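J.: Input structure13.txt, format and content: compact mmCIF, C-alpha atoms.
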```txt
# COMPACT_ATOMS: atom_id res chain seq x y z
CA PRO C 1 79.65 110.07 71.88
CA PHE C 2 79.53 106.83 73.84
CA SER C 3 81.00 103.59 72.53
CA SER C 4 77.58 102.24 71.54
CA ASP C 5 77.22 105.22 69.18
CA ILE C 6 80.67 104.94 67.54
CA GLN C 7 81.29 103.13 64.26
CA GLU C 8 85.01 103.96 64.07
CA PHE C 9 87.49 106.55 65.25
CA ASN C 10 90.93 107.72 64.25
CA VAL C 11 93.51 109.75 66.19
CA LEU C 12 95.47 112.23 64.05
CA SER C 13 98.63 113.21 65.88
CA SER C 14 100.37 115.43 63.33
CA ALA C 15 100.29 116.84 59.80
CA TYR C 16 96.54 116.42 59.39
CA ASP C 17 94.53 118.03 56.62
CA ALA C 18 93.14 121.56 56.80
CA GLN C 19 89.60 120.19 57.04
CA TYR C 20 90.32 119.17 60.63
CA GLY C 21 91.34 122.67 61.71
CA HIS C 22 94.49 123.73 63.47
CA GLY C 23 95.47 123.33 67.09
CA ALA C 24 98.06 121.93 69.44
CA GLY C 25 98.01 118.24 70.24
CA ALA C 26 95.96 115.69 68.35
CA SER C 27 92.60 115.55 66.61
CA VAL C 28 90.16 112.68 67.08
CA VAL C 29 87.94 111.86 64.10
CA VAL C 30 84.79 109.94 65.06
CA VAL C 31 82.33 108.30 62.68
CA THR C 32 78.98 107.56 64.32
CA LYS C 33 76.80 104.61 63.48
CA ALA C 34 74.09 104.85 60.85
CA GLY C 35 71.01 102.79 60.12
CA THR C 36 70.99 100.13 57.40
CA ASN C 37 68.45 98.09 55.45
CA ASP C 38 68.32 95.63 58.36
CA TRP C 39 67.15 96.25 61.89
CA HIS C 40 69.82 96.21 64.59
CA GLY C 41 69.64 96.95 68.30
CA SER C 42 71.55 96.48 71.52
CA ALA C 43 71.18 97.11 75.26
CA TYR C 44 73.55 96.96 78.20
CA GLU C 45 73.90 97.73 81.90
CA PHE C 46 76.87 97.96 84.27
CA PHE C 47 76.18 98.14 88.01
CA GLN C 48 78.18 98.62 91.21
CA ASN C 49 77.15 99.66 94.73
CA ASP C 50 78.55 99.93 98.25
CA ALA C 51 77.47 96.39 99.10
CA LEU C 52 80.18 95.22 96.71
CA GLN C 53 82.83 97.61 98.09
CA ALA C 54 85.05 97.38 101.15
CA THR C 55 85.06 100.21 103.69
CA LYS C 56 87.75 102.72 102.82
CA TYR C 57 90.83 102.82 105.03
CA PHE C 58 90.48 106.46 106.10
CA SER C 59 86.80 105.96 106.89
CA LYS C 60 87.78 103.21 109.31
CA GLN C 61 90.51 105.37 110.87
CA ALA C 62 88.06 108.22 111.47
CA GLY C 63 85.33 105.92 112.81
CA LEU C 64 83.01 106.77 109.93
CA ALA C 65 80.46 104.36 108.51
CA LYS C 66 80.98 102.82 105.11
CA PRO C 67 80.36 105.64 102.62
CA PRO C 68 77.55 105.16 100.10
CA PHE C 69 78.55 104.29 96.56
CA LEU C 70 76.53 103.75 93.40
CA PHE C 71 77.57 103.47 89.78
CA ASN C 72 74.99 102.37 87.25
CA GLN C 73 75.61 102.81 83.53
CA PHE C 74 73.01 101.61 81.07
CA GLY C 75 71.87 102.26 77.54
CA ALA C 76 70.23 101.03 74.38
CA ALA C 77 70.56 101.62 70.65
CA ILE C 78 68.39 100.84 67.65
CA GLY C 79 68.76 101.45 63.95
CA GLY C 80 67.03 100.45 60.76
CA PRO C 81 65.31 101.56 57.58
CA ILE C 82 62.64 104.21 57.18
CA TRP C 83 62.46 103.59 53.44
CA LYS C 84 64.60 100.66 52.37
CA LYS C 85 67.60 101.50 50.26
CA HIS C 86 66.92 105.22 50.72
CA MET C 87 66.19 106.44 54.26
CA PHE C 88 67.70 105.15 57.50
CA PHE C 89 67.84 106.15 61.14
CA PHE C 90 69.89 105.34 64.22
CA PHE C 91 69.07 106.30 67.83
CA ASN C 92 71.18 105.82 70.92
CA TYR C 93 70.62 106.48 74.62
CA ASP C 94 73.18 106.29 77.43
CA GLY C 95 72.50 106.97 81.09
CA ILE C 96 74.70 107.09 84.18
CA ARG C 97 73.53 107.20 87.78
CA THR C 98 76.39 107.71 90.18
CA ASP C 99 76.69 108.54 93.88
CA THR C 100 80.28 108.69 95.04
CA SER C 101 81.74 109.59 98.41
CA SER C 102 85.10 109.99 100.06
CA PRO C 103 86.26 110.54 103.65
CA THR C 104 87.59 114.07 104.20
CA ILE C 105 89.58 115.27 107.21
CA GLY C 106 90.19 118.91 108.13
CA THR C 107 90.35 121.40 110.96
CA VAL C 108 87.52 123.44 112.49
CA PRO C 109 87.56 125.82 115.51
CA THR C 110 87.02 124.26 118.90
CA ALA C 111 84.26 125.39 121.24
CA ALA C 112 86.81 127.35 123.30
CA GLN C 113 88.22 129.10 120.24
CA ARG C 114 84.74 130.09 119.08
CA ALA C 115 84.26 131.75 122.48
CA GLY C 116 87.56 133.63 122.09
CA ASP C 117 89.62 131.35 124.35
CA PHE C 118 93.01 130.54 122.78
CA SER C 119 94.73 129.55 126.01
CA ASN C 120 95.10 126.00 124.71
CA THR C 121 96.11 126.79 121.13
CA PHE C 122 99.69 125.64 120.45
CA ASP C 123 102.02 125.37 117.48
CA GLN C 124 103.75 122.19 116.30
CA LYS C 125 106.53 122.66 118.87
CA GLY C 126 104.06 122.97 121.72
CA ASN C 127 104.48 126.73 122.13
CA LEU C 128 101.45 128.83 122.97
CA ILE C 129 100.26 130.90 120.00
CA GLN C 130 99.93 134.36 121.50
CA ILE C 131 97.12 136.59 120.24
CA PHE C 132 97.13 140.38 120.46
CA ASN C 133 94.58 143.17 120.68
CA PRO C 134 94.68 144.98 117.32
CA PHE C 135 93.08 148.08 118.85
CA THR C 136 96.16 148.70 121.00
CA SER C 137 98.54 149.06 118.06
CA ARG C 138 100.86 152.08 118.48
CA PRO C 139 104.32 153.21 117.34
CA ASP C 140 107.22 151.50 119.05
CA PRO C 141 109.22 154.23 120.83
CA LEU C 142 112.33 152.06 120.78
CA ARG C 143 112.17 151.19 117.06
CA PRO C 144 111.03 153.99 114.81
CA GLY C 145 108.85 152.77 111.94
CA HIS C 146 107.67 149.74 113.93
CA TYR C 147 104.55 149.13 115.99
CA VAL C 148 103.70 147.29 119.19
CA ARG C 149 100.42 146.05 120.63
CA ASP C 150 99.24 144.41 123.83
CA ALA C 151 98.55 140.71 124.25
CA PHE C 152 95.12 139.63 125.38
CA SER C 153 95.08 138.71 129.05
CA GLY C 154 95.10 134.95 129.45
CA ASN C 155 95.15 134.67 125.65
CA LYS C 156 91.40 135.18 125.65
CA ILE C 157 89.34 137.63 123.57
CA PRO C 158 86.64 139.32 125.67
CA SER C 159 83.15 138.32 124.54
CA GLY C 160 82.27 141.95 123.88
CA MET C 161 85.00 142.15 121.22
CA ILE C 162 83.84 139.17 119.17
CA ASN C 163 82.26 140.41 115.96
CA SER C 164 78.65 139.33 115.48
CA ALA C 165 79.32 138.33 111.87
CA SER C 166 82.13 136.03 113.02
CA ALA C 167 79.86 134.49 115.63
CA GLY C 168 77.24 133.88 112.95
CA LEU C 169 79.83 132.22 110.73
CA PHE C 170 80.95 129.94 113.55
CA ALA C 171 77.35 128.82 113.96
CA LEU C 172 77.45 127.44 110.40
CA LEU C 173 80.60 125.41 111.03
CA PRO C 174 80.40 121.92 112.53
CA MET C 175 81.95 121.12 115.88
CA PRO C 176 85.05 118.87 116.07
CA ASN C 177 84.33 115.15 116.08
CA GLN C 178 87.95 113.94 116.26
CA PRO C 179 90.60 114.38 118.98
CA GLY C 180 93.00 116.22 116.65
CA VAL C 181 96.67 115.56 115.99
CA GLY C 182 99.56 116.46 118.30
CA SER C 183 99.88 119.75 120.13
CA THR C 184 98.10 121.72 117.40
CA GLY C 185 94.88 119.70 117.53
CA ALA C 186 94.69 119.89 113.74
CA ASN C 187 92.53 117.50 111.68
CA ASN C 188 89.84 117.45 114.34
CA TYR C 189 86.89 116.98 112.01
CA ALA C 190 86.07 114.10 109.67
CA LYS C 191 83.20 113.87 107.23
CA THR C 192 82.10 111.70 104.35
CA VAL C 193 81.58 113.99 101.34
CA THR C 194 79.00 112.65 98.88
CA SER C 195 78.46 113.78 95.29
CA SER C 196 75.81 112.80 92.76
CA ALA C 197 76.06 113.23 88.98
CA PRO C 198 73.26 111.59 86.98
CA MET C 199 73.74 111.96 83.25
CA ASN C 200 71.52 111.40 80.20
CA ASN C 201 72.84 111.30 76.65
CA TYR C 202 70.56 111.14 73.61
CA SER C 203 71.81 110.98 70.04
CA GLY C 204 70.21 110.33 66.71
CA ARG C 205 71.23 110.16 63.07
CA TYR C 206 69.25 110.34 59.83
CA ASP C 207 70.61 109.30 56.42
CA TYR C 208 68.98 109.78 53.03
CA GLN C 209 70.43 108.14 49.95
CA ILE C 210 68.88 110.37 47.28
CA ASN C 211 70.48 108.51 44.41
CA GLU C 212 73.75 106.86 43.56
CA ARG C 213 75.57 110.21 43.51
CA ASN C 214 73.97 112.17 46.36
CA ARG C 215 73.57 111.46 50.03
CA LEU C 216 72.31 113.59 52.94
CA PHE C 217 72.71 113.05 56.67
CA GLY C 218 71.69 114.82 59.86
CA LYS C 219 73.00 114.32 63.39
CA PHE C 220 71.74 115.45 66.80
CA ALA C 221 73.15 114.80 70.27
CA ARG C 222 72.14 116.11 73.69
CA GLU C 223 73.77 115.50 77.06
CA SER C 224 72.50 116.79 80.41
CA THR C 225 74.05 116.41 83.85
CA PRO C 226 72.26 117.82 86.94
CA ALA C 227 75.13 117.27 89.39
CA VAL C 228 75.21 117.83 93.15
CA ALA C 229 78.73 118.10 94.58
CA GLY C 230 79.27 117.73 98.30
CA THR C 231 81.71 120.02 100.11
CA PHE C 232 83.73 119.71 103.30
CA LEU C 233 82.12 122.53 105.31
CA LEU C 234 79.66 124.45 103.15
CA PRO C 235 76.29 123.20 101.79
CA ALA C 236 76.37 121.01 98.68
CA GLN C 237 76.82 122.79 95.36
CA SER C 238 74.32 122.14 92.57
CA GLU C 239 75.32 122.38 88.95
CA TYR C 240 73.40 121.77 85.75
CA VAL C 241 75.35 121.21 82.54
CA ARG C 242 73.74 120.74 79.14
CA GLN C 243 75.49 120.22 75.82
CA VAL C 244 73.83 120.12 72.43
CA ASN C 245 75.57 119.15 69.20
CA THR C 246 73.90 119.05 65.80
CA GLY C 247 75.02 118.95 62.20
CA ILE C 248 73.99 118.23 58.62
CA GLY C 249 76.01 117.09 55.64
CA TRP C 250 75.72 116.54 51.90
CA THR C 251 77.99 114.34 49.81
CA SER C 252 77.81 114.48 46.01
CA VAL C 253 79.88 112.55 43.50
CA LEU C 254 80.40 115.07 40.69
CA ASN C 255 82.40 112.78 38.41
CA SER C 256 84.79 109.85 38.56
CA SER C 257 87.55 111.99 40.10
CA THR C 258 85.71 114.69 42.07
CA THR C 259 83.55 114.47 45.18
CA LEU C 260 81.87 117.43 46.85
CA GLU C 261 81.31 117.27 50.59
CA ALA C 262 79.59 120.08 52.52
CA ARG C 263 78.91 120.10 56.25
CA LEU C 264 77.41 122.51 58.75
CA GLY C 265 77.48 122.03 62.50
CA TRP C 266 76.53 123.81 65.70
CA MET C 267 77.39 123.14 69.33
CA GLY C 268 75.92 124.73 72.46
CA TYR C 269 77.05 124.53 76.07
CA ILE C 270 75.07 125.71 79.10
CA ALA C 271 76.28 125.50 82.70
CA ASN C 272 74.51 126.84 85.80
CA ALA C 273 75.92 126.46 89.29
CA VAL C 274 74.39 127.31 92.67
```
In C-alpha cells, what does this structure look like?
T.:
Amino acid sequence: PFSSDIQEFNVLSSAYDAQYGHGAGASVVVVTKAGTNDWHGSAYEFFQNDALQATKYFSKQAGLAKPPFLFNQFGAAIGGPIWKKHMFFFFNYDGIRTDTSSPTIGTVPTAAQRAGDFSNTFDQKGNLIQIFNPFTSRPDPLRPGHYVRDAFSGNKIPSGMINSASAGLFALLPMPNQPGVGSTGANNYAKTVTSSAPMNNYSGRYDYQINERNRLFGKFARESTPAVAGTFLLPAQSEYVRQVNTGIGWTSVLNSSTTLEARLGWMGYIANAV
C-alpha cells in the first residue's frame, strides 16, 4: 500500500509470533486506514520533468540531446460513514506517470565489418585481428591432435560466404554514430534509452461494527503497470503487470479474557511480457 493508505506499520525483526508465518529476514505488519463517523479526505501531486533537470554528463559527451524525463505521482483518498456508528468505508487511489531515460554507449559492427571487411579491425595493442576460413580446417601434420586453417586473403570474407541470416540481422542493427575509442573502435554507438511505466493503484476497505463484541472488515487492492522498457539495440519490450490482493476478517470478543480473530486472504499476480 501507499503512504496515503497506511494507518500504521511495524517491522518485526526477530522472534515474532506464529501468526506472522516463518521466513528469513523481517516481517512488516501494516494496518490500513479505515473510515470513521466523520468524513475525511486528502489529495496530493508531485511533479518533475526534463525542463527542471540538467542535461546528463554522458549525454553531453556523446552529443545527444537532453533526454526526456517525467515523474508525476498523484492520488486521493476519502473515507466516512455508510451507517453511522456501524458501517464505514475508505477508498484510496494512487497513480504514477513516469518516463525515464538514460544515455547508453556500446559497440555495433561498422559498415566494412558488415560487408566482411576486417582489414581495419585491431585489438587494444593495435594488432590486426586475423580471421580464418572455417571451411579450410584440417589436421595439422606437424602436431597430431591439432588443426590448422587458412586465413582469409586481405582479412576479408568473400561476399558469397556471408550467411543471409547474418546479413538480415545486420540490417536490424543501427550504424555507428560515434568515432569509437582507441585502436579497437569500441563504443562507437550512443543512444538514449527511454522507458515508461505508468501505474494505477486502487484500494478500498469496508468495516461493519455489528455490535460491541463483533466486527467485520473487508479489504481489496489492485495495482496495474503497463510498462514499456527501452533497450539498447532491440525494439522496446512491453510488459503488463497486475496484482490483486483481497481479504476479509472477523473479530469477536468472546469474554473478558478471550478474543477470536479469523482472517482469510487471497493474492494474485499476473505478468505478461512481449
J.: Could you check the closest approach to Gly35 of chain C for each of C:Lys60, C:Lys219, C:Arg149, C:Arg205 and tell me which residue wins, using all atoms listed in the file?
T.: C:Arg205
J.: Which polymer residues have any atom within 9 Å of an atom of Ser14 of chain C, counting all atoms listed in the file, with same-chain residues fewer than 5 positions away left out, as a compact mmCIF listing (two decimals) with C-alpha atoms, in the frame of the given file?
T.:
```txt
# COMPACT_ATOMS: atom_id res chain seq x y z
CA GLY C 25 98.01 118.24 70.24
CA ALA C 26 95.96 115.69 68.35
CA SER C 27 92.60 115.55 66.61
```
J.: Give the answer as one residue: which of C:Phe88, C:Tyr202, C:Trp250, C:Phe47 has the shortest atom-to-atom distance to Phe71 of chain C, using all atoms listed in the file?
T.: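 So, comparing all the options, the nearest one is C:Phe47.
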J.: Within 7 Å of (78.5, 105.6, 63.9), all atoms listed in the file: residues as a PyMOL selection string?
T.: chain C and resi 5-8+31-34
J.: Please provide the set of residues having any atom within 7 Å of Ser137 of chain C, restricted to all atoms listed in the file, with same-chain residues fewer than 3 positions apart removed, written as a ChimeraX atom specification.
T.: /C:134,147-149
J.: Using all atoms listed in the file, which of C:Ala115, C:Ala171, C:Val241, C:Ala77 sits nearest Gly204 of chain C?
T.: C:Ala77
J.: Grab the atom CA of Asn37 of chain C to atom CA of Leu216 of chain C distance for me, in Å with one decimal place.
T.: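 It comes out at 16.2 Å.
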J.: In Å, with one decimal, what is the gap from atom CA of Pro68 of chain C to atom CA of Thr100 of chain C?
T.: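 Spanning atom CA of Pro68 of chain C to atom CA of Thr100 of chain C is a straight-line distance of 6.7 Å.
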J.: Suppose you want the space between atom CA of Trp83 of chain C and atom CA of Tyr208 of chain C; what is it in Å?
T.: 9.0 Å
